[in-house]
>>> print(open('run-v6.cif').read())   # mmCIF, C-alpha atoms and all ligand atoms
data_work
loop_
_atom_site.label_atom_id
_atom_site.label_comp_id
_atom_site.auth_asym_id
_atom_site.auth_seq_id
_atom_site.Cartn_x
_atom_site.Cartn_y
_atom_site.Cartn_z
CA MET A 1 -5.98 201.99 -154.23
CA GLU A 2 -2.25 201.59 -154.17
CA ASN A 3 -0.36 203.71 -151.68
CA PRO A 4 1.67 206.25 -153.71
CA TYR A 5 4.19 207.05 -150.94
CA THR A 6 7.56 205.42 -150.73
CA PRO A 7 9.28 205.34 -147.34
CA GLY A 8 12.65 203.75 -147.95
CA SER A 9 12.49 203.72 -151.73
CA THR A 10 15.05 205.73 -153.67
CA SER A 11 12.62 206.53 -156.44
CA PRO A 12 9.83 208.55 -154.83
CA ALA A 13 6.76 209.06 -157.02
CA TYR A 14 7.56 212.77 -157.02
CA LEU A 15 11.04 214.11 -156.27
CA SER A 16 10.12 217.36 -154.60
CA GLY A 17 12.12 220.56 -154.23
CA ARG A 18 15.32 219.45 -155.93
CA GLY A 19 15.23 221.71 -158.98
CA GLN A 20 18.45 223.51 -158.07
CA GLU A 21 20.37 220.36 -157.32
CA LEU A 22 19.23 218.79 -160.59
CA ALA A 23 20.24 221.97 -162.43
CA VAL A 24 23.75 221.75 -160.98
CA ILE A 25 24.04 218.17 -162.21
CA ASP A 26 22.67 219.13 -165.59
CA GLU A 27 25.28 221.86 -165.96
CA LEU A 28 27.93 219.18 -165.66
CA ALA A 29 26.06 216.73 -167.88
CA ALA A 30 25.56 219.41 -170.53
CA ARG A 31 29.32 219.86 -170.96
CA VAL A 32 29.54 216.17 -171.70
CA ARG A 33 26.42 216.06 -173.83
CA SER A 34 26.74 219.23 -175.86
CA LEU A 35 30.48 219.77 -175.99
CA GLY A 36 31.69 216.20 -175.83
CA ARG A 37 34.08 217.29 -173.09
CA PRO A 38 34.71 216.09 -169.55
CA GLY A 39 32.22 217.38 -167.01
CA GLY A 40 34.96 218.99 -164.90
CA PRO A 41 35.90 218.39 -161.28
CA LEU A 42 33.99 215.97 -159.09
CA LEU A 43 30.54 217.07 -158.02
CA ALA A 44 29.82 215.94 -154.47
CA PHE A 45 26.43 216.12 -152.77
CA TYR A 46 26.52 215.67 -149.03
CA GLY A 47 24.10 215.63 -146.17
CA PRO A 48 22.90 213.59 -143.23
CA ARG A 49 21.18 210.24 -143.57
CA GLY A 50 17.76 210.25 -145.14
CA THR A 51 17.84 213.67 -146.80
CA GLY A 52 17.39 212.23 -150.28
CA LYS A 53 20.88 212.03 -151.77
CA THR A 54 20.43 208.63 -153.38
CA SER A 55 17.00 209.62 -154.71
CA LEU A 56 18.52 212.74 -156.26
CA LEU A 57 21.28 210.78 -157.98
CA ARG A 58 18.87 208.10 -159.19
CA ARG A 59 16.73 210.74 -160.77
CA ALA A 60 19.75 212.37 -162.43
CA GLN A 61 20.78 208.96 -163.71
CA ALA A 62 17.35 208.38 -165.23
CA GLU A 63 17.55 211.75 -166.96
CA ALA A 64 21.04 211.13 -168.28
CA HIS A 65 19.89 207.78 -169.59
CA LYS A 66 16.91 209.38 -171.30
CA SER A 67 19.14 211.96 -172.94
CA LYS A 68 21.18 209.20 -174.58
CA MET A 69 24.16 208.85 -172.35
CA PHE A 70 25.71 205.73 -170.93
CA THR A 71 25.10 205.74 -167.18
CA VAL A 72 27.00 203.78 -164.59
CA TRP A 73 26.23 203.43 -160.89
CA VAL A 74 28.54 202.30 -158.09
CA THR A 75 28.16 202.38 -154.32
CA GLY A 76 31.25 202.91 -152.19
CA ARG A 77 32.17 200.01 -149.94
CA GLY A 78 35.10 199.67 -147.63
CA ASP A 79 35.42 195.91 -148.03
CA ALA A 80 35.63 195.53 -151.79
CA SER A 81 37.25 197.33 -154.67
CA MET A 82 34.96 199.33 -156.89
CA ILE A 83 36.48 198.09 -160.11
CA GLU A 84 34.43 194.95 -160.38
CA THR A 85 31.09 196.72 -159.87
CA LEU A 86 32.23 199.48 -162.17
CA ALA A 87 32.96 196.93 -164.87
CA LYS A 88 29.67 195.14 -164.27
CA SER A 89 27.67 198.32 -164.46
CA LEU A 90 29.53 199.42 -167.60
CA ASN A 91 28.85 196.06 -169.14
CA ARG A 92 25.14 196.55 -168.50
CA ALA A 93 25.19 200.09 -169.92
CA VAL A 94 26.92 198.97 -173.10
CA SER A 95 24.82 195.82 -173.53
CA THR A 96 21.48 197.55 -173.08
CA ALA A 97 22.44 200.15 -175.70
CA GLU A 98 21.88 197.39 -178.28
CA LEU A 99 24.78 198.26 -180.50
CA GLY A 100 25.30 194.68 -181.59
CA ASP A 101 28.66 193.70 -183.04
CA LYS A 102 30.01 197.19 -182.78
CA ALA A 103 30.20 196.82 -179.01
CA ARG A 104 31.99 193.49 -179.07
CA GLY A 105 35.52 194.86 -178.68
CA LEU A 106 34.61 197.11 -175.78
CA LEU A 107 32.60 194.40 -174.02
CA HIS A 108 35.55 192.09 -174.36
CA ARG A 109 37.86 194.60 -172.68
CA ILE A 110 35.35 195.11 -169.88
CA ASP A 111 35.09 191.33 -169.44
CA GLN A 112 38.82 191.06 -169.08
CA VAL A 113 38.79 193.59 -166.28
CA GLN A 114 36.00 191.67 -164.58
CA VAL A 115 37.96 188.46 -164.77
CA GLU A 116 41.12 190.09 -163.48
CA PHE A 117 39.52 192.06 -160.65
CA GLY A 118 36.50 189.97 -159.89
CA VAL A 119 38.33 187.12 -158.18
CA PRO A 120 35.90 186.01 -155.48
CA GLY A 121 37.21 186.51 -151.99
CA ALA A 122 40.22 188.52 -153.18
CA LYS A 123 41.27 191.12 -150.64
CA VAL A 124 41.11 194.79 -151.45
CA GLY A 125 44.21 195.74 -153.36
CA ALA A 126 45.73 192.27 -152.99
CA GLN A 127 46.00 191.66 -156.68
CA PHE A 128 47.32 195.07 -157.64
CA VAL A 129 50.91 196.14 -157.60
CA GLY A 130 50.54 199.31 -155.55
CA THR A 131 47.65 201.52 -156.55
CA THR A 132 48.93 202.66 -159.91
CA LYS A 133 47.44 199.78 -161.77
CA ALA A 134 43.99 200.16 -160.26
CA ALA A 135 43.99 203.84 -161.15
CA ASP A 136 45.04 203.01 -164.72
CA VAL A 137 42.29 200.45 -165.06
CA VAL A 138 39.63 202.89 -163.86
CA HIS A 139 40.99 205.59 -166.15
CA ASP A 140 41.04 203.34 -169.20
CA LEU A 141 37.62 201.82 -168.55
CA LEU A 142 36.03 205.24 -168.31
CA GLU A 143 37.93 206.68 -171.24
CA ASP A 144 37.24 203.77 -173.58
CA SER A 145 33.56 203.56 -172.72
CA ALA A 146 32.94 207.31 -172.87
CA ARG A 147 34.59 207.70 -176.26
CA PHE A 148 32.86 204.61 -177.54
CA ALA A 149 29.52 206.05 -176.43
CA ARG A 150 30.24 209.30 -178.22
CA ASN A 151 31.07 207.44 -181.42
CA HIS A 152 28.01 205.22 -181.23
CA GLU A 153 24.78 207.19 -181.04
CA HIS A 154 25.34 208.37 -177.47
CA HIS A 155 26.72 211.59 -176.03
CA GLY A 156 29.09 210.23 -173.45
CA LEU A 157 29.21 208.65 -170.02
CA MET A 158 27.88 209.68 -166.61
CA LEU A 159 29.19 207.87 -163.55
CA PHE A 160 27.29 208.09 -160.26
CA VAL A 161 29.07 207.16 -157.05
CA ASP A 162 26.85 206.84 -154.00
CA GLU A 163 28.23 206.60 -150.43
CA PHE A 164 31.51 207.94 -151.77
CA GLN A 165 32.94 208.27 -148.25
CA ASP A 166 32.77 204.49 -147.82
CA ALA A 167 34.82 203.66 -150.93
CA THR A 168 38.34 202.43 -150.33
CA VAL A 169 40.97 205.12 -150.45
CA GLU A 170 42.43 203.45 -153.60
CA ASP A 171 39.09 203.74 -155.35
CA ARG A 172 38.59 207.34 -154.30
CA LYS A 173 42.11 208.11 -155.51
CA SER A 174 41.57 206.32 -158.83
CA LEU A 175 38.44 208.32 -159.58
CA LEU A 176 39.98 211.66 -158.65
CA ILE A 177 43.13 210.98 -160.66
CA ALA A 178 41.10 209.92 -163.69
CA LEU A 179 39.02 213.09 -163.53
CA GLN A 180 42.14 215.20 -163.17
CA GLU A 181 43.66 213.60 -166.26
CA PHE A 182 40.53 213.92 -168.37
CA ASP A 183 40.31 217.55 -167.39
CA GLY A 184 43.89 218.23 -168.39
CA ASP A 185 43.68 216.60 -171.82
CA SER A 186 42.27 219.20 -174.17
CA ILE A 187 43.53 217.49 -177.33
CA ARG A 188 41.52 214.29 -177.05
CA PRO A 189 38.51 215.11 -174.89
CA THR A 190 36.83 212.33 -172.94
CA PRO A 191 33.09 212.91 -172.58
CA VAL A 192 32.67 211.71 -169.00
CA GLY A 193 31.21 213.26 -165.86
CA ILE A 194 31.22 211.99 -162.28
CA VAL A 195 28.59 212.86 -159.69
CA SER A 196 28.98 211.58 -156.14
CA ALA A 197 26.99 211.68 -152.93
CA GLY A 198 27.62 210.82 -149.33
CA LEU A 199 27.59 211.80 -145.69
CA PRO A 200 29.25 215.02 -144.49
CA SER A 201 32.45 212.99 -144.00
CA ILE A 202 32.76 213.03 -147.80
CA HIS A 203 34.83 216.23 -147.43
CA GLY A 204 37.54 214.43 -145.51
CA ALA A 205 37.24 211.34 -147.71
CA ILE A 206 37.99 213.40 -150.80
CA THR A 207 40.87 215.47 -149.48
CA GLU A 208 42.41 212.38 -147.91
CA ALA A 209 42.45 210.68 -151.31
CA ALA A 210 44.05 213.49 -153.30
CA THR A 211 45.17 216.99 -152.47
CA PHE A 212 43.68 218.28 -155.71
CA GLY A 213 40.41 216.78 -154.46
CA GLU A 214 39.95 220.29 -153.09
CA ARG A 215 38.78 221.32 -156.53
CA THR A 216 35.66 219.27 -155.93
CA ARG A 217 32.37 221.13 -156.05
CA PHE A 218 30.47 220.43 -152.85
CA VAL A 219 26.73 220.90 -152.67
CA GLU A 220 24.74 220.35 -149.50
CA VAL A 221 21.49 218.39 -149.74
CA LYS A 222 19.26 220.02 -147.16
CA GLY A 223 15.84 219.25 -145.76
CA LEU A 224 12.78 220.18 -147.81
CA THR A 225 11.03 223.55 -147.50
CA PRO A 226 7.41 223.47 -146.25
CA ALA A 227 6.22 224.12 -149.82
CA ALA A 228 8.29 221.21 -151.13
CA VAL A 229 6.91 218.95 -148.38
CA ALA A 230 3.39 219.98 -149.35
CA GLU A 231 4.06 219.12 -152.99
CA ALA A 232 5.68 215.81 -152.06
CA LEU A 233 2.43 214.92 -150.31
CA ARG A 234 -0.11 216.43 -152.69
CA LEU A 235 1.19 215.45 -156.12
CA PRO A 236 1.41 211.66 -155.77
CA ALA A 237 -2.17 211.67 -154.41
CA GLU A 238 -3.46 213.96 -157.14
CA GLY A 239 -1.99 211.58 -159.67
CA VAL A 240 -4.64 209.06 -158.58
CA GLY A 241 -7.44 211.55 -158.03
CA VAL A 242 -7.09 212.06 -154.27
CA ARG A 243 -6.85 215.50 -152.68
CA TRP A 244 -5.37 216.62 -149.35
CA ASP A 245 -7.26 219.53 -147.80
CA ASP A 246 -5.29 222.51 -146.51
CA ARG A 247 -5.54 221.67 -142.82
CA ALA A 248 -4.39 218.12 -143.45
CA ILE A 249 -1.39 219.48 -145.33
CA ALA A 250 -0.58 221.97 -142.57
CA ALA A 251 -0.69 219.20 -139.96
CA ALA A 252 1.39 216.82 -142.08
CA VAL A 253 4.02 219.46 -142.90
CA GLU A 254 4.37 220.18 -139.19
CA ILE A 255 4.81 216.49 -138.30
CA ALA A 256 7.16 215.65 -141.17
CA SER A 257 9.41 218.54 -140.24
CA THR A 258 11.68 219.00 -143.28
CA TYR A 259 12.91 215.42 -143.40
CA PRO A 260 12.21 213.62 -146.71
CA PHE A 261 12.06 210.15 -145.20
CA LYS A 262 9.49 211.30 -142.65
CA VAL A 263 7.49 213.01 -145.40
CA GLN A 264 7.07 209.62 -147.04
CA VAL A 265 6.23 207.98 -143.72
CA VAL A 266 3.59 210.60 -142.94
CA GLY A 267 2.11 210.30 -146.43
CA SER A 268 2.10 206.53 -146.38
CA CYS A 269 0.64 206.11 -142.88
CA THR A 270 -2.01 208.77 -143.44
CA TRP A 271 -2.97 207.06 -146.68
CA ASN A 272 -3.30 203.69 -144.94
CA PHE A 273 -5.47 205.25 -142.26
CA ALA A 274 -7.69 207.14 -144.71
CA ARG A 275 -7.97 204.33 -147.29
CA PRO A 276 -9.06 206.85 -149.91
CA GLY A 277 -10.78 206.05 -153.18
CA ALA A 278 -10.72 208.17 -156.33
CA GLY A 279 -12.29 211.57 -155.59
CA SER A 280 -11.71 211.30 -151.80
CA VAL A 281 -10.30 214.03 -149.63
CA ILE A 282 -7.65 213.46 -146.96
CA THR A 283 -8.38 215.48 -143.83
CA GLU A 284 -6.59 216.53 -140.69
CA GLY A 285 -8.45 213.78 -138.83
CA HIS A 286 -6.73 211.20 -141.05
CA VAL A 287 -3.33 212.67 -140.28
CA ARG A 288 -4.04 212.62 -136.54
CA GLY A 289 -5.41 209.10 -136.79
CA ALA A 290 -2.14 207.94 -138.33
CA THR A 291 0.07 209.39 -135.58
CA ASP A 292 0.77 206.11 -133.81
CA GLU A 293 1.73 204.30 -136.96
CA ILE A 294 3.95 207.23 -137.98
CA GLU A 295 5.75 207.04 -134.64
CA ASP A 296 6.20 203.29 -134.93
CA ARG A 297 7.73 203.61 -138.37
CA MET A 298 10.06 206.34 -137.20
CA ASP A 299 11.01 204.31 -134.13
CA ASP A 300 12.35 201.59 -136.43
CA LEU A 301 14.69 204.14 -137.95
CA TYR A 302 15.79 205.58 -134.60
CA ARG A 303 16.42 202.07 -133.28
CA THR A 304 18.80 201.25 -136.13
CA ARG A 305 20.69 204.49 -135.69
CA TRP A 306 20.95 203.97 -131.95
CA ALA A 307 22.15 200.39 -132.33
CA ALA A 308 24.99 201.58 -134.56
CA ALA A 309 26.23 204.20 -132.06
CA SER A 310 29.25 203.54 -129.81
CA PRO A 311 29.02 203.98 -126.01
CA ALA A 312 30.81 207.34 -126.21
CA HIS A 313 28.47 208.51 -128.92
CA ARG A 314 25.45 207.34 -126.93
CA ARG A 315 26.58 209.32 -123.88
CA PHE A 316 26.81 212.36 -126.11
CA LEU A 317 23.42 211.76 -127.68
CA VAL A 318 21.75 211.23 -124.30
CA ALA A 319 23.20 214.48 -122.96
CA MET A 320 21.98 216.18 -126.09
CA ALA A 321 18.50 214.73 -125.79
CA ASP A 322 18.34 215.85 -122.15
CA GLY A 323 17.96 219.39 -123.49
CA GLY A 324 14.32 218.46 -124.03
CA GLY A 325 14.10 218.94 -127.81
CA ASP A 326 16.04 218.12 -130.95
CA THR A 327 18.59 220.87 -130.28
CA ALA A 328 21.05 221.51 -127.44
CA SER A 329 23.97 223.82 -126.71
CA ARG A 330 27.55 222.59 -126.39
CA GLU A 331 27.72 223.84 -122.80
CA ASN A 332 24.68 221.86 -121.76
CA ILE A 333 25.94 218.71 -123.43
CA ALA A 334 29.34 219.07 -121.76
CA ASP A 335 27.65 219.62 -118.39
CA GLY A 336 25.46 216.59 -118.97
CA ILE A 337 28.42 214.28 -119.59
CA GLY A 338 30.54 216.05 -116.99
CA VAL A 339 33.43 217.05 -119.29
CA SER A 340 34.85 220.29 -120.63
CA THR A 341 33.53 221.64 -123.92
CA ASN A 342 36.98 220.92 -125.43
CA ALA A 343 36.62 217.21 -124.70
CA LEU A 344 33.41 217.35 -126.66
CA SER A 345 35.01 218.10 -130.03
CA ARG A 346 35.89 214.57 -130.97
CA PRO A 347 32.55 212.79 -130.49
CA ARG A 348 30.83 215.86 -131.92
CA ASP A 349 32.91 215.80 -135.11
CA GLU A 350 32.43 212.06 -135.48
CA LEU A 351 28.67 212.31 -135.06
CA ILE A 352 28.53 215.14 -137.58
CA ALA A 353 30.64 213.14 -140.04
CA ARG A 354 28.26 210.20 -139.65
CA GLY A 355 25.31 212.43 -140.34
CA LEU A 356 23.56 211.92 -136.98
CA ILE A 357 23.83 215.48 -135.74
CA ALA A 358 24.53 218.81 -137.39
CA SER A 359 25.75 222.16 -136.25
CA GLY A 360 22.85 224.53 -135.74
CA GLY A 361 25.14 227.60 -135.48
CA ARG A 362 26.11 229.55 -132.35
CA GLY A 363 27.33 226.51 -130.43
CA GLN A 364 24.04 224.69 -130.96
CA LEU A 365 23.83 221.11 -132.15
CA THR A 366 20.76 219.47 -133.56
CA PHE A 367 19.61 215.94 -134.38
CA THR A 368 19.39 215.40 -138.14
CA ILE A 369 16.44 213.02 -137.85
CA PRO A 370 13.52 214.92 -136.36
CA GLY A 371 12.23 213.29 -133.19
CA PHE A 372 15.47 211.43 -132.38
CA GLY A 373 15.81 213.41 -129.16
CA SER A 374 12.38 212.36 -128.01
CA TYR A 375 13.11 208.72 -128.88
CA ILE A 376 16.26 208.77 -126.75
CA ARG A 377 14.40 210.35 -123.84
CA ARG A 378 11.73 207.67 -124.08
CA ARG A 379 14.18 204.81 -124.20
CA GLU A 380 16.26 206.23 -121.36
CA GLY A 381 13.11 206.65 -119.30
CA ARG A 382 13.50 210.40 -119.17
CA GLU A 383 10.10 211.30 -120.45
N1 LIG B 1 12.96 215.24 -152.91
C1 LIG B 1 12.20 214.29 -152.33
N2 LIG B 1 10.86 214.39 -152.33
C2 LIG B 1 10.11 213.44 -151.74
N3 LIG B 1 10.62 212.36 -151.12
C3 LIG B 1 11.96 212.20 -151.10
C4 LIG B 1 12.81 213.16 -151.69
N4 LIG B 1 14.08 212.77 -151.53
C5 LIG B 1 14.02 211.61 -150.85
N5 LIG B 1 12.76 211.25 -150.57
C6 LIG B 1 12.36 210.07 -149.78
O1 LIG B 1 13.11 210.12 -148.58
C7 LIG B 1 13.64 208.86 -148.22
C8 LIG B 1 15.16 208.91 -148.10
O2 LIG B 1 15.74 209.14 -149.37
P1 LIG B 1 17.18 208.61 -149.79
O3 LIG B 1 17.32 207.18 -149.49
O4 LIG B 1 17.40 209.08 -151.16
O5 LIG B 1 18.08 209.45 -148.77
P2 LIG B 1 19.67 209.40 -148.57
O6 LIG B 1 20.10 210.79 -148.31
O7 LIG B 1 20.30 208.68 -149.70
O8 LIG B 1 19.80 208.55 -147.25
P3 LIG B 1 21.09 207.73 -146.72
O9 LIG B 1 22.10 208.75 -146.28
O10 LIG B 1 20.56 206.92 -145.57
O11 LIG B 1 21.58 206.88 -147.86
C9 LIG B 1 13.11 207.89 -149.27
O12 LIG B 1 11.98 207.25 -148.71
C10 LIG B 1 12.71 208.75 -150.45
O13 LIG B 1 11.61 208.17 -151.12
MG MG B 2 21.51 207.02 -149.79
#
>>> encode(input="run-v6.cif", output="structure tokens")
Amino acid sequence: MENPYTPGSTSPAYLSGRGQELAVIDELAARVRSLGRPGGPLLAFYGPRGTGKTSLLRRAQAEAHKSKMFTVWVTGRGDASMIETLAKSLNRAVSTAELGDKARGLLHRIDQVQVEFGVPGAKVGAQFVGTTKAADVVHDLLEDSARFARNHEHHGLMLFVDEFQDATVEDRKSLLIALQEFDGDSIRPTPVGIVSAGLPSIHGAITEAATFGERTRFVEVKGLTPAAVAEALRLPAEGVGVRWDDRAIAAAVEIASTYPFKVQVVGSCTWNFARPGAGSVITEGHVRGATDEIEDRMDDLYRTRWAAASPAHRRFLVAMADGGGDTASRENIADGIGVSTNALSRPRDELIARGLIASGGRGQLTFTIPGFGSYIRRREGRE
């Protein structure tokens, strides 16, 4: 039987424990849908790597699409302007709506933008005069498409921006300015909403782009509760007639910690070990039997994260891992590197912004990927 778990895929078979987050997005979408008005200030989900931000946005996009809205998806990149992908994605949204000749004018305008901004190899911002023009283009594209949608059997437009912190500052500015203008225009409402996601550094990325970016609504995407982990494991199996017994679930919840990526790894590896058929039961023995494969899969993730860390960050991470778990105090880390706790602030803030560690309160810092500490101890020969 096909394995129903999805390590690495942004559309898990069952998106567990995200009811509140989806409700927050729907509040915004409902203003667009039901009132034909802008969705309000930017909504920004943030959290460390692997907590399920992209999966959350993908699900919200699917729902918006189902409820008859145009949906557009862009991913922030530092090396290319967003306008071309925005235009491409808009083109797709309009084309797939099958509005025939009625859409011709709008598609033509979108094409023009693509031609103007899609010059291959063009440097970021090189073809704009300052940033004003880029902002105008983004504003007009969104406004035209959203109003067109509203007039043609759709409710409006939802734009999803993933990895917002990586977008160029011009792009971030353009989006925030556009939202601000839509929000201020009560005479001709533009039915558009923007939902973004990114690493904790999204806070700085937004305020850097526009002072009024402070009006953004920030929502943290946290790890899953034990009950949500249990559902994430049970429901995809039940869908194909396979049951986890309670002890298997307890063991798996413990191993997965609260980390969505690891939940999928645990589910997937246990499934491969158990090779269940319809009517089978997954037991604790299956979970234990899958331990090595689970660790191998997680090691791949740790390795990538480690490879991307600078020497200064690695020193910090090693000192942190030396605490013996996934959590360490600032004092102990400072002692480990041999610096004062003040000198610690910079690498700490950078590692938090990159989503590798998080503050655990009371001067404690913790690895955001469970088991990262143990991986570092193993590779440094400290275990
Ligand atoms: N609510 C959830 N329930 C079950 N599995 C989930 C959930 N959210 C995410 N996952 C799984 O967790 C993994 C990571 O999800 P995703 O890529 O969405 O995280 P992310 O926060 O966008 O990570 P990154 O910061 O690296 O982009 C995927 O394998 C996905 O299938
Ligand atoms: Mg993501």
>>> closest_residue(input="run-v6.cif", among="A:Met158, A:Ala209, A:Val195, A:Leu224", to="A:Thr51", atoms="only C-alpha atoms")
A:Leu224
>>> residues_around(input="run-v6.cif", residues="A:Thr168", least_positions_apart="2", cutoff="10 Å", atoms="all atoms listed in the file", output="list in words")
Gly76, Arg77, Gly78, Asp79, Ala80, Ser81, Met82, Val124, Gly125, Phe164, Gln165, Asp166, Glu170, Asp171, Arg172, Lys173, Ser174, Ala205 and Ala209 of chain A
>>> residues_near_ligand(input="run-v6.cif", ligand="ligand MG 2 (chain B)", cutoff="8 Å", atoms="all atoms listed in the file", output="PyMOL selection string")
chain A and resi 10+49-50+52-55+162-163+197-198
>>> closest_residue(input="run-v6.cif", among="A:Gln264, A:Thr75, A:Ser95, A:Ser345", to="ligand LIG 1 (chain B)", atoms="only C-alpha atoms and all ligand atoms")
A:Gln264
>>> closest_atom_pairs(input="run-v6.cif", of="chain A", to="ligand LIG 1 (chain B)", cutoff="9 Å", atoms="all atoms listed in the file", output="Markdown table")
| residue | atom | partner | partner_atom | distance |
| --- | --- | --- | --- | --- |
| A:Tyr5 | CA | B:LIG1 | O13 | 7.5 |
| A:Thr6 | CA | B:LIG1 | O13 | 4.9 |
| A:Pro7 | CA | B:LIG1 | O12 | 3.6 |
| A:Gly8 | CA | B:LIG1 | O12 | 3.6 |
| A:Ser9 | CA | B:LIG1 | O13 | 4.6 |
| A:Thr10 | CA | B:LIG1 | O4 | 4.8 |
| A:Ser11 | CA | B:LIG1 | O13 | 5.7 |
| A:Pro12 | CA | B:LIG1 | O13 | 4.1 |
| A:Ala13 | CA | B:LIG1 | C2 | 7.6 |
| A:Tyr14 | CA | B:LIG1 | C2 | 5.9 |
| A:Leu15 | CA | B:LIG1 | N2 | 4.0 |
| A:Ser16 | CA | B:LIG1 | N2 | 3.8 |
| A:Gly17 | CA | B:LIG1 | N1 | 5.5 |
| A:Arg18 | CA | B:LIG1 | N1 | 5.7 |
| A:Tyr46 | CA | B:LIG1 | O6 | 8.1 |
| A:Gly47 | CA | B:LIG1 | O6 | 6.6 |
| A:Pro48 | CA | B:LIG1 | O9 | 5.8 |
| A:Arg49 | CA | B:LIG1 | O9 | 3.2 |
| A:Gly50 | CA | B:LIG1 | O8 | 3.4 |
| A:Thr51 | CA | B:LIG1 | O6 | 4.0 |
| A:Gly52 | CA | B:LIG1 | O5 | 3.2 |
| A:Lys53 | CA | B:LIG1 | O6 | 3.8 |
| A:Thr54 | CA | B:LIG1 | O7 | 3.7 |
| A:Ser55 | CA | B:LIG1 | O4 | 3.6 |
| A:Leu56 | CA | B:LIG1 | O4 | 6.4 |
| A:Leu57 | CA | B:LIG1 | O4 | 8.0 |
| A:Arg58 | CA | B:LIG1 | O4 | 8.2 |
| A:Asp162 | CA | B:LIG1 | O7 | 8.0 |
| A:Glu163 | CA | B:LIG1 | O11 | 7.1 |
| A:Ala197 | CA | B:LIG1 | O7 | 8.0 |
| A:Gly198 | CA | B:LIG1 | O9 | 6.6 |
| A:Leu199 | CA | B:LIG1 | O9 | 6.3 |
| A:Val221 | CA | B:LIG1 | O6 | 7.9 |
| A:Gly223 | CA | B:LIG1 | N1 | 8.7 |
| A:Leu224 | CA | B:LIG1 | N1 | 7.1 |
| A:Ala228 | CA | B:LIG1 | N2 | 7.4 |
| A:Val229 | CA | B:LIG1 | C2 | 7.2 |
| A:Glu231 | CA | B:LIG1 | N2 | 8.3 |
| A:Ala232 | CA | B:LIG1 | C2 | 5.0 |
| A:Leu233 | CA | B:LIG1 | C2 | 8.0 |
| A:Tyr259 | CA | B:LIG1 | O1 | 7.4 |
| A:Pro260 | CA | B:LIG1 | O1 | 4.1 |
| A:Phe261 | CA | B:LIG1 | O1 | 3.5 |
| A:Lys262 | CA | B:LIG1 | O1 | 7.0 |
| A:Val263 | CA | B:LIG1 | N3 | 6.6 |
| A:Gln264 | CA | B:LIG1 | O12 | 5.7 |
| A:Val265 | CA | B:LIG1 | O12 | 7.6 |
| A:Gly355 | CA | B:LIG1 | O9 | 7.7 |
>>> write_last_selection(input="run-v6.cif", atoms="C-alpha atoms", output="mmCIF file, keeping the file's coordinate frame")
data_model
loop_
_atom_site.group_PDB
_atom_site.id
_atom_site.type_symbol
_atom_site.label_atom_id
_atom_site.label_comp_id
_atom_site.auth_asym_id
_atom_site.auth_seq_id
_atom_site.Cartn_x
_atom_site.Cartn_y
_atom_site.Cartn_z
ATOM 1 C CA TYR A 5 4.190 207.050 -150.940
ATOM 2 C CA THR A 6 7.560 205.420 -150.730
ATOM 3 C CA PRO A 7 9.280 205.340 -147.340
ATOM 4 C CA GLY A 8 12.650 203.750 -147.950
ATOM 5 C CA SER A 9 12.490 203.720 -151.730
ATOM 6 C CA THR A 10 15.050 205.730 -153.670
ATOM 7 C CA SER A 11 12.620 206.530 -156.440
ATOM 8 C CA PRO A 12 9.830 208.550 -154.830
ATOM 9 C CA ALA A 13 6.760 209.060 -157.020
ATOM 10 C CA TYR A 14 7.560 212.770 -157.020
ATOM 11 C CA LEU A 15 11.040 214.110 -156.270
ATOM 12 C CA SER A 16 10.120 217.360 -154.600
ATOM 13 C CA GLY A 17 12.120 220.560 -154.230
ATOM 14 C CA ARG A 18 15.320 219.450 -155.930
ATOM 15 C CA TYR A 46 26.520 215.670 -149.030
ATOM 16 C CA GLY A 47 24.100 215.630 -146.170
ATOM 17 C CA PRO A 48 22.900 213.590 -143.230
ATOM 18 C CA ARG A 49 21.180 210.240 -143.570
ATOM 19 C CA GLY A 50 17.760 210.250 -145.140
ATOM 20 C CA THR A 51 17.840 213.670 -146.800
ATOM 21 C CA GLY A 52 17.390 212.230 -150.280
ATOM 22 C CA LYS A 53 20.880 212.030 -151.770
ATOM 23 C CA THR A 54 20.430 208.630 -153.380
ATOM 24 C CA SER A 55 17.000 209.620 -154.710
ATOM 25 C CA LEU A 56 18.520 212.740 -156.260
ATOM 26 C CA LEU A 57 21.280 210.780 -157.980
ATOM 27 C CA ARG A 58 18.870 208.100 -159.190
ATOM 28 C CA ASP A 162 26.850 206.840 -154.000
ATOM 29 C CA GLU A 163 28.230 206.600 -150.430
ATOM 30 C CA ALA A 197 26.990 211.680 -152.930
ATOM 31 C CA GLY A 198 27.620 210.820 -149.330
ATOM 32 C CA LEU A 199 27.590 211.800 -145.690
ATOM 33 C CA VAL A 221 21.490 218.390 -149.740
ATOM 34 C CA GLY A 223 15.840 219.250 -145.760
ATOM 35 C CA LEU A 224 12.780 220.180 -147.810
ATOM 36 C CA ALA A 228 8.290 221.210 -151.130
ATOM 37 C CA VAL A 229 6.910 218.950 -148.380
ATOM 38 C CA GLU A 231 4.060 219.120 -152.990
ATOM 39 C CA ALA A 232 5.680 215.810 -152.060
ATOM 40 C CA LEU A 233 2.430 214.920 -150.310
ATOM 41 C CA TYR A 259 12.910 215.420 -143.400
ATOM 42 C CA PRO A 260 12.210 213.620 -146.710
ATOM 43 C CA PHE A 261 12.060 210.150 -145.200
ATOM 44 C CA LYS A 262 9.490 211.300 -142.650
ATOM 45 C CA VAL A 263 7.490 213.010 -145.400
ATOM 46 C CA GLN A 264 7.070 209.620 -147.040
ATOM 47 C CA VAL A 265 6.230 207.980 -143.720
ATOM 48 C CA GLY A 355 25.310 212.430 -140.340
#
